[in-house]
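Raw contents of final.cif, mmCIF, C-alpha atoms:
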```
data_start
#
loop_
_atom_site.label_atom_id
_atom_site.label_comp_id
_atom_site.auth_asym_id
_atom_site.auth_seq_id
_atom_site.Cartn_x
_atom_site.Cartn_y
_atom_site.Cartn_z
CA MET A 1 79.90 128.85 108.87
CA SER A 2 82.97 128.15 110.94
CA PRO A 3 83.57 131.00 113.44
CA THR A 4 87.23 130.01 113.65
CA CYS A 5 87.79 130.46 109.94
CA GLY A 6 85.89 133.73 110.00
CA LEU A 7 88.08 134.91 112.83
CA ILE A 8 91.24 134.04 110.92
CA ASN A 9 90.05 136.00 107.92
CA ALA A 10 89.01 138.97 110.06
CA THR A 11 92.27 138.85 111.99
CA VAL A 12 94.34 139.07 108.84
CA LEU A 13 92.42 142.21 107.97
CA LEU A 14 92.42 143.73 111.45
CA SER A 15 96.11 143.21 112.14
CA LEU A 16 96.89 145.28 109.10
CA ARG A 17 94.41 148.03 109.85
CA ASP A 18 96.97 150.83 109.99
CA PHE A 19 98.39 149.67 106.73
CA MET A 20 94.93 149.78 105.20
CA ILE A 21 94.26 153.41 105.98
CA ARG A 22 96.22 154.53 102.95
CA ILE A 23 94.56 152.31 100.36
CA PRO A 24 94.30 151.99 97.44
CA LYS A 25 98.08 152.46 97.08
CA SER A 26 98.90 150.47 100.15
CA ALA A 27 96.28 147.85 99.30
CA VAL A 28 98.53 146.58 96.57
CA ARG A 29 101.31 146.29 99.13
CA LEU A 30 98.92 144.62 101.54
CA SER A 31 98.03 142.03 98.91
CA LEU A 32 101.67 141.30 98.26
CA PHE A 33 102.36 141.09 102.01
CA THR A 34 99.44 138.72 102.66
CA PHE A 35 100.33 136.50 99.76
CA ALA A 36 103.98 136.43 100.78
CA ILE A 37 102.96 135.13 104.22
CA ILE A 38 100.80 132.44 102.66
CA TYR A 39 103.52 131.54 100.20
CA TYR A 40 106.07 130.88 102.92
CA ALA A 41 103.51 128.95 104.95
CA GLY A 42 102.99 126.57 102.04
CA SER A 43 103.44 122.85 102.58
CA ALA A 44 102.99 119.74 100.46
CA THR A 45 101.09 121.21 97.58
CA ALA A 46 100.70 120.71 93.90
CA ARG A 47 99.73 122.91 91.05
CA ALA A 48 96.06 123.49 90.53
CA GLN A 49 94.53 122.45 87.24
CA GLU A 50 92.24 125.45 87.19
CA PRO A 51 92.40 128.01 84.40
CA PRO A 52 93.36 131.55 85.44
CA TYR A 53 89.90 133.03 85.96
CA PHE A 54 88.60 135.09 88.86
CA VAL A 55 84.88 135.13 88.05
CA THR A 56 84.38 132.55 85.31
CA TYR A 57 84.11 128.92 86.36
CA SER A 58 85.44 126.12 84.20
CA ASP A 59 84.48 122.44 84.35
CA VAL A 60 87.57 121.71 86.47
CA LEU A 61 86.54 120.26 89.82
CA GLU A 62 88.74 119.65 92.81
CA GLU A 63 90.25 116.19 92.78
CA PRO A 64 88.54 113.91 95.30
CA GLY A 65 90.15 114.16 98.73
CA ASN A 66 92.10 117.34 97.91
CA LEU A 67 91.61 120.54 99.88
CA GLU A 68 92.39 123.81 98.19
CA ILE A 69 92.87 126.92 100.30
CA ALA A 70 92.78 130.19 98.42
CA GLN A 71 93.06 133.81 99.36
CA LYS A 72 91.42 136.05 96.81
CA GLY A 73 91.90 139.82 96.97
CA THR A 74 90.22 142.61 95.05
CA THR A 75 91.11 146.25 95.32
CA GLY A 76 89.99 149.39 93.56
CA GLY A 77 89.17 153.03 93.89
CA PRO A 78 85.76 153.55 92.28
CA GLN A 79 84.63 157.07 91.41
CA ASP A 80 82.96 159.00 94.27
CA SER A 81 83.85 156.36 96.83
CA HIS A 82 86.83 155.42 98.94
CA GLY A 83 89.41 152.89 97.94
CA PHE A 84 88.81 149.40 99.28
CA TYR A 85 90.41 146.01 99.68
CA SER A 86 88.19 142.95 99.71
CA SER A 87 89.49 139.66 101.04
CA THR A 88 87.91 136.26 100.44
CA LEU A 89 89.12 133.04 101.98
CA GLU A 90 88.12 129.97 99.98
CA LEU A 91 88.13 126.40 101.22
CA GLU A 92 87.44 124.00 98.37
CA TYR A 93 87.15 120.27 98.87
CA GLY A 94 86.78 117.50 96.33
CA ALA A 95 84.04 115.35 97.85
CA LYS A 96 83.79 113.08 94.81
CA ALA A 97 85.32 113.08 91.36
CA TRP A 98 82.00 114.58 90.18
CA TRP A 99 81.23 116.84 93.15
CA THR A 100 83.16 119.76 94.65
CA THR A 101 82.01 121.74 97.65
CA GLU A 102 83.40 125.13 98.70
CA LEU A 103 83.05 127.60 101.55
CA TYR A 104 83.82 131.30 101.17
CA LEU A 105 84.40 133.72 104.05
CA GLN A 106 84.47 137.34 103.06
CA GLY A 107 85.52 140.67 104.50
CA GLN A 108 86.58 144.08 103.30
CA ALA A 109 88.35 147.23 104.38
CA THR A 110 87.49 150.69 103.07
CA ALA A 111 89.75 153.70 103.44
CA ASN A 112 88.51 156.29 105.95
CA ASP A 113 85.74 153.92 106.96
CA SER A 114 86.00 150.49 108.58
CA ILE A 115 86.96 146.86 108.27
CA LEU A 116 84.26 144.25 108.51
CA PHE A 117 83.26 140.67 107.87
CA THR A 118 80.66 140.71 105.12
CA GLY A 119 79.34 137.16 105.02
CA PHE A 120 79.77 133.64 103.71
CA ARG A 121 78.86 131.52 100.71
CA TRP A 122 78.55 127.78 100.33
CA GLU A 123 78.71 126.43 96.83
CA ASN A 124 78.51 123.01 95.23
CA ARG A 125 79.46 122.03 91.71
CA PHE A 126 78.32 118.86 90.00
CA ARG A 127 79.67 117.37 86.80
CA VAL A 128 76.63 116.32 84.79
CA LEU A 129 78.03 113.86 82.26
CA PRO A 130 80.23 110.84 83.08
CA THR A 131 82.58 111.31 80.11
CA GLU A 132 84.17 114.21 78.26
CA HIS A 133 82.46 115.82 75.29
CA TRP A 134 83.25 118.75 73.03
CA MET A 135 81.42 120.87 75.59
CA ASN A 136 81.22 119.79 79.22
CA PRO A 137 78.39 121.01 81.45
CA VAL A 138 78.70 121.50 85.19
CA LEU A 139 75.84 122.55 87.48
CA TYR A 140 76.55 125.04 90.23
CA VAL A 141 74.32 125.69 93.25
CA GLU A 142 75.20 128.25 95.90
CA TYR A 143 73.71 129.74 99.05
CA GLU A 144 74.91 133.22 100.01
CA ASP A 145 74.49 135.14 103.23
CA VAL A 146 76.25 138.45 102.62
CA ASN A 147 75.55 142.03 103.52
CA GLY A 148 75.49 145.08 101.27
CA ALA A 149 79.01 146.12 102.26
CA ASP A 150 80.47 143.16 100.36
CA LYS A 151 82.86 144.30 97.62
CA SER A 152 84.28 140.99 96.49
CA VAL A 153 82.63 141.11 93.03
CA LEU A 154 82.76 137.32 92.75
CA GLU A 155 80.09 137.66 90.09
CA VAL A 156 77.99 140.43 88.57
CA THR A 157 74.24 139.94 88.22
CA GLY A 158 71.13 142.04 87.72
CA HIS A 159 71.76 145.76 88.04
CA ASP A 160 74.94 145.53 90.14
CA SER A 161 76.71 148.82 89.59
CA ILE A 162 79.28 151.31 90.86
CA GLY A 163 76.62 152.44 93.36
CA ASP A 164 77.27 149.23 95.33
CA PHE A 165 80.73 150.58 96.23
CA GLN A 166 79.34 153.89 97.50
CA GLY A 167 77.84 154.66 100.89
CA SER A 168 79.33 153.91 104.27
CA ASN A 169 80.02 150.43 105.58
CA ALA A 170 77.76 151.12 108.56
CA ASP A 171 74.81 151.78 106.25
CA ASN A 172 75.55 149.10 103.71
CA ARG A 173 76.01 146.29 106.24
CA ARG A 174 72.38 146.64 107.35
CA ASP A 175 71.27 145.42 103.94
CA ILE A 176 71.42 141.65 104.41
CA SER A 177 70.75 139.40 101.45
CA ARG A 178 70.26 135.67 101.55
CA THR A 179 70.28 134.36 98.04
CA ILE A 180 70.41 131.17 96.08
CA GLU A 181 72.41 131.20 92.93
CA GLY A 182 72.58 128.73 90.09
CA LYS A 183 75.05 128.58 87.25
CA LEU A 184 75.25 126.54 84.13
CA ILE A 185 78.96 126.14 83.43
CA LEU A 186 80.06 125.04 79.97
CA SER A 187 83.69 124.28 79.15
CA SER A 188 85.59 123.05 76.13
CA TYR A 189 89.24 122.51 75.18
CA PRO A 190 89.87 123.37 71.53
CA LYS A 191 93.54 122.97 70.57
CA GLY A 192 94.92 123.35 74.08
CA TRP A 193 92.75 126.33 74.97
CA ASN A 194 90.16 126.34 77.71
CA VAL A 195 86.98 128.18 76.77
CA SER A 196 84.36 128.51 79.50
CA GLU A 197 80.94 130.13 79.54
CA ASN A 198 78.76 130.70 82.60
CA TRP A 199 75.07 131.55 82.66
CA ILE A 200 74.17 132.91 86.10
CA MET A 201 70.75 133.07 87.80
CA GLU A 202 70.34 134.58 91.27
CA LYS A 203 67.34 135.00 93.54
CA ASP A 204 67.17 136.86 96.85
CA LEU A 205 65.18 134.65 99.22
CA MET A 206 64.04 137.77 101.08
CA GLY A 207 62.31 139.18 98.00
CA GLY A 208 63.16 140.56 94.60
CA ALA A 209 63.16 139.31 91.07
CA TRP A 210 65.43 136.72 89.49
CA GLU A 211 68.65 138.36 88.37
CA PHE A 212 70.87 137.18 85.57
CA GLY A 213 74.49 137.49 84.62
CA TYR A 214 77.17 135.95 82.44
CA ALA A 215 80.88 135.26 82.45
CA VAL A 216 83.10 134.06 79.62
CA GLY A 217 86.78 133.18 79.76
CA ALA A 218 89.46 131.77 77.48
CA SER A 219 92.97 130.74 78.46
CA ARG A 220 95.92 128.61 77.46
CA PRO A 221 99.17 127.44 79.07
CA LEU A 222 102.24 128.99 77.46
CA SER A 223 103.45 125.47 76.68
CA LEU A 224 101.31 122.37 76.16
CA ALA A 225 104.14 119.91 76.81
CA ALA A 226 106.20 119.70 79.97
CA ALA A 227 109.95 120.22 80.06
CA SER A 228 112.10 117.15 80.65
CA HIS A 229 113.82 118.72 83.65
CA ALA A 230 112.48 120.25 86.83
CA CYS A 231 112.38 124.01 86.57
CA THR A 232 110.58 126.89 88.22
CA PHE A 233 110.11 129.30 85.34
CA CYS A 234 109.42 126.87 82.50
CA ARG A 235 106.64 127.99 80.18
CA GLN A 236 104.35 125.13 81.19
CA HIS A 237 103.97 126.75 84.61
CA PHE A 238 102.42 129.90 83.15
CA SER A 239 98.94 130.36 81.73
CA THR A 240 97.37 133.46 80.31
CA GLY A 241 93.97 134.39 79.05
CA ALA A 242 91.12 136.85 79.39
CA GLU A 243 87.67 136.99 80.86
CA VAL A 244 84.62 139.18 80.47
CA TYR A 245 81.59 139.23 82.73
CA GLY A 246 78.60 141.35 83.61
CA GLY A 247 74.95 141.62 84.54
CA LEU A 248 71.92 140.95 82.38
CA ALA A 249 69.34 142.77 84.54
CA THR A 250 66.31 140.89 85.86
CA VAL A 251 63.51 138.69 84.67
CA HIS A 252 61.35 141.84 84.26
CA ASN A 253 63.76 143.82 82.07
CA PHE A 254 66.27 141.35 80.70
CA GLY A 255 69.10 142.98 78.75
CA PHE A 256 72.07 145.30 79.05
CA ASN A 257 70.28 148.43 80.30
CA ASP A 258 71.71 149.82 83.55
CA THR A 259 74.10 146.92 83.97
CA SER A 260 77.83 146.78 84.58
CA HIS A 261 80.44 144.80 82.70
CA TYR A 262 84.14 144.10 83.13
CA ALA A 263 86.92 142.59 81.05
CA GLY A 264 90.60 142.03 81.48
CA PRO A 265 93.59 139.81 80.87
CA THR A 266 94.42 137.13 83.43
CA MET A 267 97.72 135.51 84.30
CA GLN A 268 98.65 132.45 86.33
CA PHE A 269 101.91 131.07 87.63
CA ASP A 270 102.06 127.58 89.11
CA VAL A 271 105.02 127.60 91.44
CA PRO A 272 106.38 124.04 91.39
CA ARG A 273 105.72 122.38 94.77
CA GLY A 274 104.21 125.66 95.92
CA PRO A 275 101.16 127.84 95.48
CA THR A 276 99.45 128.94 92.32
CA LEU A 277 99.42 132.71 91.86
CA PHE A 278 96.85 134.61 89.81
CA PHE A 279 96.74 138.24 88.75
CA SER A 280 94.35 140.29 86.70
CA PRO A 281 93.52 143.95 86.13
CA GLN A 282 89.85 144.15 85.14
CA PHE A 283 88.41 147.18 83.44
CA GLY A 284 84.88 148.52 83.67
CA LEU A 285 83.21 148.57 80.27
CA SER A 286 80.13 150.67 81.00
CA SER A 287 79.33 153.87 82.90
CA ASN A 288 77.81 151.71 85.65
CA SER A 289 81.07 149.83 86.23
CA ALA A 290 83.82 150.66 88.70
CA GLY A 291 86.88 151.94 86.81
CA VAL A 292 89.50 149.27 87.38
CA LEU A 293 89.49 146.31 89.74
CA TRP A 294 92.86 144.80 90.56
CA ARG A 295 92.62 141.16 91.46
CA ILE A 296 95.17 138.83 92.95
CA MET A 297 94.87 135.30 94.28
CA ALA A 298 97.08 132.66 95.84
CA SER A 299 95.84 129.09 96.12
CA TYR A 300 97.29 125.97 97.71
CA GLU A 301 96.20 122.46 97.06
CA ILE A 302 96.74 120.03 99.92
CA GLN A 303 96.74 116.75 98.07
CA GLN A 304 94.72 113.91 99.57
CA PHE A 305 93.81 115.87 102.66
CA ARG A 306 91.56 113.00 103.78
CA ASP A 307 94.53 110.63 103.94
CA LEU A 308 95.74 112.63 106.95
CA PHE A 309 92.87 111.05 108.87
CA ARG A 310 93.47 107.50 107.71
CA LYS A 311 95.44 104.93 109.62
CA LYS A 312 98.94 104.22 108.35
CA GLU A 313 98.18 100.50 108.24
CA ALA A 314 95.40 101.08 105.72
CA GLN A 315 97.98 102.31 103.24
CA MET B 1 57.26 129.62 97.16
CA LYS B 2 58.79 130.00 93.71
CA ALA B 3 62.25 129.94 95.24
CA HIS B 4 61.46 126.65 96.95
CA ARG B 5 60.25 125.20 93.66
CA ILE B 6 63.51 126.25 91.99
CA ALA B 7 65.55 124.79 94.85
CA TRP B 8 63.71 121.47 94.51
CA SER B 9 64.20 121.49 90.75
CA ALA B 10 67.93 122.03 91.22
CA LEU B 11 68.05 119.19 93.74
CA ILE B 12 66.21 116.85 91.37
CA LEU B 13 68.54 117.81 88.49
CA CYS B 14 71.59 117.07 90.63
CA SER B 15 70.10 113.73 91.66
CA ILE B 16 69.45 112.80 88.04
CA SER B 17 73.07 113.67 87.22
CA ALA B 18 74.31 111.51 90.08
CA VAL B 19 72.15 108.59 88.93
CA ALA B 20 73.38 109.00 85.34
CA ILE B 21 76.98 108.94 86.51
CA LEU B 22 76.39 105.93 88.76
CA ALA B 23 74.64 104.07 85.94
CA ALA B 24 77.76 104.45 83.84
CA SER B 25 80.08 103.01 86.44
CA SER B 26 81.05 99.69 84.94
CA SER B 27 84.63 98.94 83.91
CA TRP B 28 86.09 101.87 82.02
CA LEU B 29 87.92 99.60 79.59
CA THR B 30 84.65 98.46 78.05
CA LYS B 31 83.64 102.03 77.29
CA VAL B 32 86.63 103.11 75.25
CA PRO B 33 85.59 103.76 71.63
CA ASP B 34 87.56 101.83 69.00
CA ALA B 35 88.98 105.00 67.49
CA ASP B 36 90.42 106.01 70.88
CA ARG B 37 91.64 102.49 71.60
CA ARG B 38 93.79 102.55 68.44
CA ARG B 39 95.46 105.89 69.14
CA VAL B 40 99.24 105.85 69.25
CA ASN B 41 101.36 107.76 71.74
CA PRO B 42 103.40 110.30 69.73
CA TYR B 43 105.99 110.29 72.52
CA ALA B 44 106.31 106.52 72.93
CA GLY B 45 109.86 105.61 73.96
CA ASP B 46 111.08 109.23 73.78
CA PRO B 47 113.55 109.69 76.67
CA GLN B 48 112.76 113.43 76.95
CA ALA B 49 109.04 112.72 77.20
CA ILE B 50 109.63 109.96 79.75
CA ALA B 51 111.64 112.38 81.90
CA ALA B 52 108.89 115.00 81.59
CA GLY B 53 106.26 112.36 82.35
CA LYS B 54 108.12 111.39 85.49
CA ILE B 55 107.90 114.96 86.77
CA LEU B 56 104.24 115.21 85.83
CA PHE B 57 103.51 111.89 87.53
CA ALA B 58 105.15 113.07 90.75
CA GLU B 59 103.17 116.33 90.63
CA ASN B 60 99.77 114.98 89.72
CA CYS B 61 99.47 111.23 90.22
CA ALA B 62 101.83 110.05 92.95
CA LYS B 63 99.74 111.30 95.84
CA CYS B 64 96.96 108.81 94.98
CA HIS B 65 98.79 106.06 93.13
CA GLY B 66 101.93 106.16 95.27
CA SER B 67 105.43 107.30 94.44
CA ASP B 68 106.10 103.72 93.30
CA ALA B 69 102.89 103.69 91.20
CA GLU B 70 101.64 100.71 93.17
CA GLY B 71 98.56 102.46 94.59
CA ARG B 72 97.72 103.72 98.07
CA TYR B 73 94.70 103.36 100.35
CA GLY B 74 92.92 101.05 97.94
CA ARG B 75 93.60 103.16 94.87
CA PRO B 76 94.73 101.03 91.96
CA SER B 77 98.28 100.15 91.11
CA LEU B 78 99.46 101.41 87.75
CA ARG B 79 101.71 98.38 87.46
CA SER B 80 98.80 95.98 87.41
CA GLN B 81 98.21 93.49 84.62
CA ARG B 82 95.13 95.46 83.66
CA VAL B 83 97.09 98.67 83.05
CA GLU B 84 100.02 96.88 81.43
CA SER B 85 97.77 95.16 78.93
CA ALA B 86 95.80 98.33 78.12
CA THR B 87 96.78 100.14 74.94
CA ASP B 88 98.21 103.64 75.02
CA GLY B 89 94.97 104.85 73.50
CA GLU B 90 92.93 103.27 76.28
CA LEU B 91 95.08 104.93 78.94
CA ALA B 92 94.81 108.26 77.13
CA TRP B 93 91.01 107.86 77.10
CA LEU B 94 91.02 107.15 80.85
CA LEU B 95 93.17 110.19 81.61
CA ARG B 96 90.90 112.41 79.54
CA ASN B 97 87.59 111.09 80.89
CA GLY B 98 88.43 109.75 84.31
CA SER B 99 86.28 107.15 85.98
CA LEU B 100 84.16 109.43 88.09
CA THR B 101 82.33 106.89 90.22
CA LYS B 102 85.57 105.09 91.02
CA GLY B 103 87.19 108.31 92.23
CA MET B 104 89.42 108.90 89.20
CA PRO B 105 88.90 112.52 88.13
CA THR B 106 89.05 113.72 84.55
CA TRP B 107 92.42 115.17 83.57
CA SER B 108 91.17 116.88 80.44
CA SER B 109 92.43 120.23 81.71
CA LEU B 110 95.96 118.87 81.57
CA PRO B 111 97.13 119.52 77.99
CA GLU B 112 97.03 116.44 75.78
CA PRO B 113 100.82 116.34 75.15
CA GLU B 114 101.37 116.22 78.94
CA ARG B 115 98.92 113.31 79.24
CA TRP B 116 100.88 111.43 76.56
CA GLN B 117 104.11 112.19 78.43
CA ILE B 118 102.66 110.59 81.57
CA ILE B 119 101.70 107.49 79.58
CA ALA B 120 105.20 107.33 78.07
CA PHE B 121 106.59 107.38 81.58
CA LEU B 122 104.21 104.67 82.83
CA ARG B 123 105.31 102.45 79.97
CA SER B 124 108.93 102.94 81.00
CA LEU B 125 108.42 101.57 84.52
CA PRO B 126 110.27 98.33 85.15
CA PRO B 127 108.12 95.22 85.52
CA ASP B 128 109.38 94.55 89.00
CA ILE B 129 109.25 97.78 90.95
CA SER B 130 109.97 96.59 94.43
CA GLY B 131 112.07 99.28 96.02
CA PHE B 132 111.44 101.61 93.11
CA ALA B 133 110.26 105.12 93.98
CA ILE B 134 109.68 108.18 91.87
CA SER B 135 111.47 111.11 93.42
CA PRO B 136 109.53 114.38 93.40
CA PRO B 137 110.82 117.22 91.21
CA HIS B 138 113.22 119.67 92.84
#
```
Would you write out, as structure tokens, the structure that this file holds?
Amino acid sequence: MSPTCGLINATVLLSLRDFMIRIPKSAVRLSLFTFAIIYYAGSATARAQEPPYFVTYSDVLEEPGNLEIAQKGTTGGPQDSHGFYSSTLELEYGAKAWWTTELYLQGQATANDSILFTGFRWENRFRVLPTEHWMNPVLYVEYEDVNGADKSVLEVTGHDSIGDFQGSNADNRRDISRTIEGKLILSSYPKGWNVSENWIMEKDLMGGAWEFGYAVGASRPLSLAAASHACTFCRQHFSTGAEVYGGLATVHNFGFNDTSHYAGPTMQFDVPRGPTLFFSPQFGLSSNSAGVLWRIMASYEIQQFRDLFRKKEAQ
Amino acid sequence: MKAHRIAWSALILCSISAVAILAASSSWLTKVPDADRRRVNPYAGDPQAIAAGKILFAENCAKCHGSDAEGRYGRPSLRSQRVESATDGELAWLLRNGSLTKGMPTWSSLPEPERWQIIAFLRSLPPDISGFAISPPH
């Protein structure tokens, strides 16, 4: 983990501490404020190819040499707990055309409680087959070192429930979990749609049973062909879709009992020569789920980041 | 112990994938199925599609292949004899599948009509492109 990156993420949260006290209402404003800063800091970027999902992974990998920086925010006010805002900084690099590696740094702020750094994740995705097929598999391997105060909901596995949002940050942060997580990602493109399915397996290295989860998403650009003139609000720059995800309990009691599930529409806007913006309200589908999670993300792709370190003459 | 076994299994699976991809790394042109090779660009010669393809090229391709499409940092020129003599269907196959071991990613997530628009634009490039540059979209 890079302490510098962690500091940046924590600083963004800390500098806005006063603002955070009034969440969840102000959390929405905080999200907009944070994303506005990132938007204006944008440089030479291009639109991401990724479908508009927050939890579901598609077969899209980062192009080799590109660095994507994303700020993912989740806010909500679950029953019997304080409103919160979770912030995740993602650094995604295309190591090869068939291999993408990504570092996550996470923190959260809870109203009437505290702001804290909750941990990091390091994930790798590998394209399995050298050519495209009607369904394209990608293998995902991740190591997580996060504490119990994490509220990012980047996936739901096992018996994750609304109880995870309750309790104080001071208590929850003592519960450290170091886990490995594997996903089988399947993606297909019928008639311009992207349909992706994820099968999730997670194991706490400090003990506990294998936990399972799923995520499914479908999306489509509003236009499949590009306009013949440069424009900001052309339909090709917008995508919409939906995703559903949830836990499937553990290896000992596989199924839907005492699990939580969410579903919601997702929207994406690729700002030409700027960031890609994502938004989704996601609704709890079971009594174990938090009511509504509001998600927002801004991502920037620095094209051919590695060329910055190459000599001009080599060009 | 079990966790270690799973971690090793995952590592072995990834290695097998890498080997499979490396084994399939010969020239992409030889791998294009006949049915794909014969495909015709529905936008061939369409000025609107060429204009759209120019914007898409600047957004997605120019950073690697250069704003003049002549390649950068060892990445191939799209004005080469090899690309010029390839059929539209072969180029469409390459855009959809990529050439993973050579660093060309798959562009299957780009809608198919947009991939054809890029090919229409590539076909419109003049044979001699010295001094030619594709301006980015405004």
Exercise for the section: Go through B:Leu94, B:Ala86, B:Ala35, B:Ala49 and flag the residue nearest chain A, using all atoms listed in the file for the distances. Expected result: B:Ala49
Problem - Residues in the PyMOL selection byres ((chain A) within 9 of (chain B)), expressed as a VMD selection string - result: chain A and resid 45 to 47 49 to 51 59 to 64 96 to 98 126 to 133 139 141 180 182 189 191 to 194 203 to 205 221 223 to 232 272 to 273 303 to 304 307 310 314 to 315
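Atom to atom, atom CA of Ala95 of chain A and atom CA of Arg220 of chain A stand 27.1 Å apart.
The gap separating atom CA of Gly158 of chain A from atom CA of Pro78 of chain A is 19.2 Å, in Å to one decimal.
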Practice task
Quote the spacing between atom CA of Ala249 of chain A and atom CA of Gln166 of chain A in Å to one decimal place.
Solution key: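 For atom CA of Ala249 of chain A relative to atom CA of Gln166 of chain A, the distance reads 19.8 Å.
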Exercise for the section: Evaluate the PyMOL selection byres ((chain A and resi 258) around 7) here and jot the selected residues down as a count of residues only. Expected result: 6
Practice task
Find the residue from B:Leu95, B:Val40, B:Val32, B:Leu78 that sits nearest to Ser124 of chain B; use all atoms listed in the file when measuring.
Solution key: B:Leu78
Exercise for the section: Find the spatial neighbours of Gly77 of chain A, counting all atoms listed in the file, within a cut-off of 10 Å - ignore same-chain residues fewer than 5 positions away - and output them as a ChimeraX atom specification. Expected result: /A:23-25,82-85,110-111,165,290-294
Deliver the residues from the most recent selection as a file, using C-alpha atoms, as a compact mmCIF listing (two decimals), in the frame of the given file.
```txt
# COMPACT_ATOMS: atom_id res chain seq x y z
CA ILE A 23 94.56 152.31 100.36
CA PRO A 24 94.30 151.99 97.44
CA LYS A 25 98.08 152.46 97.08
CA HIS A 82 86.83 155.42 98.94
CA GLY A 83 89.41 152.89 97.94
CA PHE A 84 88.81 149.40 99.28
CA TYR A 85 90.41 146.01 99.68
CA THR A 110 87.49 150.69 103.07
CA ALA A 111 89.75 153.70 103.44
CA PHE A 165 80.73 150.58 96.23
CA ALA A 290 83.82 150.66 88.70
CA GLY A 291 86.88 151.94 86.81
CA VAL A 292 89.50 149.27 87.38
CA LEU A 293 89.49 146.31 89.74
CA TRP A 294 92.86 144.80 90.56
```
Handout entry: Residue members of the PyMOL selection byres ((chain A and resi 237) around 7) in the file shown, as a PyMOL selection string
Key = chain A and resi 233-236+238-239+269-271
Could you write those residues out with C-alpha atoms, as a PDB file, in the frame of the given file?
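This went into selection.pdb:
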```pdb
ATOM      1  CA  PHE A 233     110.110 129.300  85.340  1.00  0.00           C
ATOM      2  CA  CYS A 234     109.420 126.870  82.500  1.00  0.00           C
ATOM      3  CA  ARG A 235     106.640 127.990  80.180  1.00  0.00           C
ATOM      4  CA  GLN A 236     104.350 125.130  81.190  1.00  0.00           C
ATOM      5  CA  PHE A 238     102.420 129.900  83.150  1.00  0.00           C
ATOM      6  CA  SER A 239      98.940 130.360  81.730  1.00  0.00           C
ATOM      7  CA  PHE A 269     101.910 131.070  87.630  1.00  0.00           C
ATOM      8  CA  ASP A 270     102.060 127.580  89.110  1.00  0.00           C
ATOM      9  CA  VAL A 271     105.020 127.600  91.440  1.00  0.00           C
TER      10      VAL A 271
END
```
